[in-house]
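**Student:** Coordinates in model_8.txt, compact mmCIF, C-alpha atoms, are listed below.
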# COMPACT_ATOMS: atom_id res chain seq x y z
CA MET A 6 277.89 112.81 194.37
CA SER A 7 278.83 116.06 196.10
CA THR A 8 276.84 117.53 198.95
CA ILE A 9 275.73 121.15 199.23
CA ILE A 10 275.22 122.46 202.77
CA ILE A 11 272.21 124.78 202.85
CA PRO A 12 272.46 127.51 205.51
CA THR A 13 269.51 127.82 207.89
CA PRO A 14 268.11 131.09 206.46
CA PHE A 15 267.68 129.45 203.04
CA ARG A 16 266.10 126.17 204.16
CA LYS A 17 262.66 127.65 203.76
CA PHE A 18 263.37 127.33 200.03
CA THR A 19 264.60 123.72 200.20
CA SER A 20 261.71 122.22 202.18
CA ASN A 21 263.90 122.40 205.31
CA LYS A 22 266.55 120.15 203.83
CA THR A 23 269.94 120.81 205.42
CA THR A 24 271.83 119.31 202.47
CA ILE A 25 271.22 118.73 198.77
CA THR A 26 273.23 116.29 196.67
CA THR A 27 274.52 117.07 193.20
CA ASP A 28 276.43 115.26 190.48
CA LYS A 29 277.68 118.51 188.92
CA LYS A 30 281.40 118.90 188.43
CA ASP A 31 281.90 122.49 189.53
CA THR A 32 280.35 125.07 191.83
CA HIS A 33 278.85 127.15 189.05
CA GLU A 34 276.93 124.19 187.64
CA ALA A 35 275.91 123.03 191.10
CA LEU A 36 274.55 126.44 192.13
CA THR A 37 272.79 126.89 188.81
CA GLU A 38 271.07 123.56 189.29
CA LEU A 39 270.23 124.41 192.90
CA THR A 40 268.60 127.70 191.93
CA LEU A 41 266.61 126.03 189.16
CA THR A 42 265.25 123.31 191.42
CA HIS A 43 264.77 125.69 194.37
CA PRO A 44 264.16 129.10 192.77
CA GLY A 45 263.40 130.95 196.00
CA ILE A 46 267.04 130.77 196.99
CA LYS A 47 268.34 132.44 193.84
CA GLN A 48 267.88 136.09 194.78
CA TYR A 49 269.94 135.55 197.92
CA ILE A 50 272.98 133.81 196.42
CA LEU A 51 273.27 134.89 192.78
CA ASN A 52 273.22 138.23 191.02
CA PRO A 53 270.90 138.57 187.99
CA ASN A 54 273.89 137.83 185.72
CA GLY A 55 274.56 134.54 187.53
CA THR A 56 277.62 135.61 189.49
CA LEU A 57 277.91 135.02 193.21
CA LYS A 58 276.52 137.77 195.44
CA SER A 59 279.11 139.73 197.37
CA ASN A 60 277.78 138.64 200.77
CA ILE A 61 277.95 134.93 199.93
CA ASN A 62 281.08 132.85 200.25
CA LEU A 63 281.75 129.27 199.22
CA LEU A 64 283.81 126.75 201.12
CA VAL A 65 284.71 123.55 199.29
CA ASP A 66 285.91 120.76 201.56
CA ASP A 67 286.46 123.42 204.24
CA THR A 68 288.82 125.42 202.02
CA ASP A 69 288.19 129.11 201.55
CA PHE A 70 289.18 130.22 198.05
CA GLN A 71 289.99 133.65 196.70
CA SER A 72 286.90 135.45 195.51
CA SER A 73 288.08 135.41 191.87
CA GLU A 74 288.17 131.60 191.92
CA LYS A 75 284.81 131.05 193.49
CA GLU A 76 282.62 131.30 190.42
CA SER A 77 283.73 127.90 189.14
CA LEU A 78 285.52 125.68 191.62
CA PRO A 79 285.84 121.99 190.73
CA LEU A 80 283.84 119.50 192.75
CA ASN A 81 285.25 116.04 193.27
CA GLU A 82 283.44 112.84 194.15
CA ASN A 83 282.16 113.37 197.72
CA SER A 84 283.04 117.08 197.85
CA LEU A 85 281.32 119.16 200.50
CA LEU A 86 280.21 122.56 199.21
CA ALA A 87 279.12 124.98 201.91
CA ILE A 88 277.18 128.12 201.01
CA VAL A 89 278.23 130.56 203.69
CA PRO A 90 276.64 133.97 204.17
CA ILE A 91 279.03 136.72 205.20
CA ILE A 92 277.39 138.33 208.20
CA TYR A 93 278.35 141.89 208.99
CA GLY A 94 276.85 145.17 210.06
CA GLY A 95 277.05 147.65 212.85
CA MET B 72 256.73 136.16 215.16
CA ALA B 73 258.51 136.56 218.47
CA ILE B 74 261.70 135.47 220.13
CA LYS B 75 262.14 134.67 223.79
CA LEU B 76 265.57 134.89 225.40
CA SER B 77 266.34 132.72 228.37
CA GLU B 78 267.65 134.53 231.42
CA GLU B 79 271.09 132.98 230.91
CA VAL B 80 271.26 134.13 227.29
CA GLN B 81 270.12 137.63 228.17
CA ASP B 82 272.64 137.92 231.02
CA GLU B 83 275.52 136.53 228.94
CA ILE B 84 274.82 138.96 226.10
CA ILE B 85 274.56 141.95 228.40
CA ASP B 86 277.67 141.03 230.38
CA PHE B 87 279.79 140.36 227.30
CA SER B 88 278.59 143.49 225.50
CA GLN B 89 279.45 145.67 228.49
CA GLU B 90 282.77 143.92 229.07
CA GLN B 91 283.92 144.48 225.48
CA TYR B 92 282.64 148.06 225.27
CA PRO B 93 283.28 150.16 223.19
CA ASN B 94 283.93 147.34 220.71
CA GLN B 95 280.96 145.73 219.07
CA THR B 96 280.36 142.09 219.94
CA THR B 97 278.50 139.35 218.14
CA GLY B 98 277.36 135.76 218.50
CA PHE B 99 274.96 133.10 217.35
CA LEU B 100 271.66 132.24 219.03
CA PHE B 101 270.54 128.63 219.24
CA GLY B 102 267.34 127.06 220.48
CA ILE B 103 263.90 126.09 219.29
CA GLY B 104 262.33 127.51 216.15
CA GLY B 105 258.70 128.25 215.38
CA LYS B 106 256.37 131.21 215.64
CA LEU B 107 257.74 131.78 219.13
CA LYS B 108 261.47 131.10 218.93
CA ILE B 109 263.19 130.25 222.18
CA ALA B 110 266.87 131.15 222.39
CA ASN B 111 268.44 129.19 225.20
CA GLU B 112 272.06 129.26 224.10
CA VAL B 113 274.41 131.92 222.76
CA LYS B 114 277.87 131.30 221.34
CA PHE B 115 280.08 134.33 221.05
CA VAL B 116 282.39 134.58 218.05
CA ASN B 117 285.20 136.95 217.20
CA ASN B 118 284.31 140.23 215.64
CA THR B 119 286.58 140.29 212.59
CA ALA B 120 285.67 143.78 211.38
CA SER B 121 288.69 146.02 210.79
CA ASP B 122 287.08 148.71 212.95
CA GLN B 123 285.36 146.92 215.81
CA ILE B 124 283.95 150.11 217.28
CA ASP B 125 282.16 150.93 214.06
CA GLY B 126 281.02 147.49 212.96
CA TYR B 127 281.07 143.74 213.23
CA GLN B 128 281.76 140.85 210.89
CA ILE B 129 281.67 137.10 211.37
CA ASN B 130 284.32 134.83 209.87
CA GLU B 131 282.93 132.36 207.33
CA LYS B 132 284.30 129.34 209.17
CA ASP B 133 282.66 130.51 212.40
CA TYR B 134 279.39 130.67 210.51
CA LEU B 135 279.84 127.17 209.11
CA ASN B 136 280.77 125.85 212.55
CA ALA B 137 277.55 127.34 213.94
CA GLU B 138 275.52 125.50 211.30
CA LEU B 139 277.34 122.23 211.99
CA TYR B 140 276.92 122.69 215.76
CA ALA B 141 273.16 123.14 215.30
CA VAL B 142 272.85 119.96 213.23
CA LYS B 143 275.02 117.94 215.60
CA ASN B 144 273.13 119.08 218.69
CA GLN B 145 269.69 119.03 217.09
CA VAL B 146 269.00 122.66 217.85
CA GLU B 147 268.08 125.46 215.52
CA LEU B 148 270.33 128.32 214.53
CA LEU B 149 267.90 131.15 215.18
CA GLY B 150 270.00 134.17 214.29
CA VAL B 151 272.71 136.50 215.48
CA TYR B 152 273.05 139.31 217.93
CA HIS B 153 275.42 142.23 217.89
CA SER B 154 276.05 145.08 220.26
CA SER B 155 276.62 148.64 219.21
CA GLN B 156 277.60 151.73 221.14
CA LYS B 157 277.09 154.08 218.21
CA HIS B 158 273.49 153.44 217.30
CA PHE B 159 270.09 152.83 218.79
CA ALA B 160 268.85 149.26 218.61
CA VAL B 161 267.54 149.75 215.10
CA PRO B 162 269.11 148.37 211.92
CA THR B 163 271.53 150.49 209.92
CA GLU B 164 272.05 150.39 206.15
CA LYS B 165 275.07 148.20 206.82
CA ASP B 166 272.93 145.76 208.81
CA LEU B 167 270.41 145.60 205.99
CA SER B 168 273.03 145.02 203.29
CA SER B 169 273.99 141.60 204.69
CA ALA B 170 270.62 140.58 206.15
CA LEU B 171 269.21 137.15 205.42
CA PRO B 172 265.62 135.90 205.45
CA ASN B 173 264.24 133.70 208.23
CA PHE B 174 266.86 134.90 210.70
CA SER B 175 266.57 136.96 213.86
CA TYR B 176 268.88 139.94 214.23
CA ILE B 177 269.11 141.08 217.80
CA LYS B 178 270.69 144.46 218.28
CA VAL B 179 271.87 145.61 221.68
CA SER B 180 272.45 149.29 222.18
CA LEU B 181 274.91 150.61 224.76
CA PHE B 182 275.50 154.11 226.03
CA ASN B 183 278.28 154.82 228.48
CA ARG B 184 278.92 151.09 228.84
CA ARG B 185 275.34 150.46 229.96
CA VAL B 186 272.93 148.41 227.89
CA SER B 187 270.08 150.78 227.12
CA ASP B 188 267.98 148.82 224.67
CA LEU B 189 267.61 145.47 222.96
CA LYS B 190 265.46 144.79 219.94
CA SER B 191 265.08 142.01 217.40
CA TRP B 192 264.55 142.41 213.68
CA THR B 193 263.69 140.07 210.82
CA LEU B 194 263.31 140.57 207.09
CA ASN B 195 259.75 140.54 205.79
CA ASP B 196 258.72 139.16 202.38
CA PHE B 197 259.87 142.41 200.76
CA ASN B 198 263.33 142.17 202.35
CA ILE B 199 262.62 145.09 204.66
CA PHE B 200 263.46 144.86 208.35
CA GLN B 201 260.48 144.55 210.64
CA LYS B 202 260.54 144.51 214.40
CA GLU B 203 260.21 141.12 216.01
CA GLN B 204 258.66 140.94 219.46
CA VAL B 205 261.26 140.09 222.11
CA LYS B 206 260.24 138.36 225.29
CA LEU B 207 262.84 139.07 227.93
CA PRO B 208 263.25 138.14 231.54
CA GLU B 209 262.92 141.25 233.67
CA PHE B 210 265.55 143.84 232.91
CA ASP B 211 265.48 147.50 233.78
CA PHE B 212 266.54 149.65 230.82
CA SER B 213 264.97 152.72 232.39
CA GLU B 214 268.12 154.07 234.02
CA ASN B 215 269.28 155.33 230.66
CA GLU B 216 267.36 158.28 229.28
CA LEU B 217 268.43 157.48 225.74
CA GLN B 218 266.32 154.36 225.58
CA THR B 219 264.36 154.16 222.34
CA ALA B 220 260.61 153.71 222.25
Take the structure from the file and write it as structure tokens.
**Tutor:**
Amino acid sequence: MSTIIIPTPFRKFTSNKTTITTDKKDTHEALTELTLTHPGIKQYILNPNGTLKSNINLLVDDTDFQSSEKESLPLNENSLLAIVPIIYGG
Amino acid sequence: MAIKLSEEVQDEIIDFSQEQYPNQTTGFLFGIGGKLKIANEVKFVNNTASDQIDGYQINEKDYLNAELYAVKNQVELLGVYHSSQKHFAVPTEKDLSSALPNFSYIKVSLFNRRVSDLKSWTLNDFNIFQKEQVKLPEFDFSENELQTA
């Protein structure tokens, strides 16, 4: 099972759970499942067409991938998938 | 909703913002959540924006480290602050474009290297910024005439 780290701003939608486990084999499947089981989170991480929002990044096992690869990264047994908001402004 | 800054947090933010002027600075606020949040720790992180006078950005790994720090130390990640010398302490379009729910956004405004205002903002249910009451230790913003209402 892989583990998804839920960032603090989205925990309202996961009953305050800091992590969610998944048996999905890639990030796309894992996020789709996450947004189906916790629909409140969807508008903040996925566009209406299912692609990742531009202000959300994914780190898999602490590795930052190029944006073009992020839609469907493989998850291994015991992978750690972190949903990371990109915070900016000014 | 309201957020209370400890005296140490307030002083650290003001000192660092003035020290780094005119660059914008940023950091994470940790403490106790609830209807009255209490921020008793701030951790500064690098501003990775290409133009640090005009904006701020936080590296993804710094964000993840902040989340892991909160879990490890059993504190809550309450939000972020940033300082700006170009704007009043109100959110810009750029601030709104990356804003997240259930997070406090403290904005510190500086004019001529002096902190003139500090306000906190959160997203409401319609994803519009609303002012969050800030409870501060005593601080005199009145020396600067440009202070916002």
**Student:** Which is closer to chain B than all the others in A:Asn62, A:Ser20, A:Ser7, A:Thr32, using only C-alpha atoms?
**Tutor:**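 So, comparing all the options, the nearest one is A:Asn62.
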**Student:** What are the residues of chain B that have an atom within 7 Å of an atom of chain A, counting all atoms listed in the file, as a PyMOL selection string?
**Tutor:** chain B and resi 125-129+131+134-135+138+148+155+163+165-166+169+171-174
**Student:** One decimal, in Å: what's the spacing between CA of Leu85 in chain A and CA of Ala35 in chain A?
**Tutor:**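 So the answer is 11.5 Å.
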**Student:** Grab the CA of Asn144 in chain B to CA of Ile9 in chain A distance for me, in Å with one decimal place.
**Tutor:**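 Rounded to one decimal, the two atoms are 19.7 Å apart.
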**Student:** Give me the residues near range 88-92 of chain B as number ranges by chain, where near means some atom within 10 Å (using all atoms listed in the file) and where sequence neighbours in that chain fewer than 2 positions away do not count.
**Tutor:** B: 82-86, 94-97, 123-124, 153-156, 179-186
**Student:** Record the distance separating CA of Ser77 in chain B and CA of Phe200 in chain B, expressed in Å with one decimal.
**Tutor:**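 Atom-to-atom, CA of Ser77 in chain B to CA of Phe200 in chain B, that is 23.6 Å.
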**Student:** Given the point (263.3, 143.5, 217.0) in the file's coordinates, find the residues that have an atom at most 6 Å from it, counting all atoms listed in the file, and give them as a PyMOL selection string.
**Tutor:** chain B and resi 190-192+202-204
**Student:** Can you tell me which residues surround Asp28 in chain A at a distance of at most 10 Å, considering all atoms listed in the file, apart from same-chain residues fewer than 6 positions away, and format the answer as a CSV table (one decimal) with C-alpha atoms, keeping the file's coordinate frame?
**Tutor:**
chain,number,residue,atom,x,y,z
A,6,MET,CA,277.9,112.8,194.4
A,7,SER,CA,278.8,116.1,196.1
A,8,THR,CA,276.8,117.5,199.0
A,34,GLU,CA,276.9,124.2,187.6
A,35,ALA,CA,275.9,123.0,191.1
A,38,GLU,CA,271.1,123.6,189.3
A,80,LEU,CA,283.8,119.5,192.8
A,81,ASN,CA,285.2,116.0,193.3
A,82,GLU,CA,283.4,112.8,194.2
A,83,ASN,CA,282.2,113.4,197.7
**Student:** Which one is closest to Lys58 in chain A: B:Ala160, B:Asn130, B:Gln201, B:Ser168? Count only C-alpha atoms.
**Tutor:**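 The closest residue to Lys58 in chain A is B:Ser168.
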**Student:** Smallest atom-to-atom distance to Thr56 in chain A: which of A:Thr19, A:Thr37, A:Ser84, A:Thr24, using all atoms listed in the file?
**Tutor:**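 Going through A:Thr19, A:Thr37, A:Ser84, A:Thr24 one by one, the smallest distance to Thr56 in chain A is for A:Thr37.
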**Student:** So that I can see what lies close to Ala137 in chain B, please list as a PDB file with C-alpha atoms, keeping the file's coordinate frame the residues with an atom at most 9 Å from it, counting all atoms listed in the file and leaving out residues fewer than 3 positions away in the same chain.
**Tutor:**
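Printed below is selection-v2.pdb as written:
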ATOM      1  CA  PHE B  99     274.960 133.100 217.350  1.00  0.00           C
ATOM      2  CA  PHE B 101     270.540 128.630 219.240  1.00  0.00           C
ATOM      3  CA  LYS B 114     277.870 131.300 221.340  1.00  0.00           C
ATOM      4  CA  LYS B 132     284.300 129.340 209.170  1.00  0.00           C
ATOM      5  CA  ASP B 133     282.660 130.510 212.400  1.00  0.00           C
ATOM      6  CA  TYR B 134     279.390 130.670 210.510  1.00  0.00           C
ATOM      7  CA  TYR B 140     276.920 122.690 215.760  1.00  0.00           C
ATOM      8  CA  ALA B 141     273.160 123.140 215.300  1.00  0.00           C
ATOM      9  CA  VAL B 142     272.850 119.960 213.230  1.00  0.00           C
ATOM     10  CA  LEU B 148     270.330 128.320 214.530  1.00  0.00           C
TER      11      LEU B 148
END
**Student:** Tell me which of B:Asp188, B:Ala170, B:Glu164, B:Asn195 sits closest to Leu207 in chain B, counting all atoms listed in the file.
**Tutor:**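 Of B:Asp188, B:Ala170, B:Glu164, B:Asn195, the one nearest Leu207 in chain B is B:Asp188, counting all atoms listed in the file.
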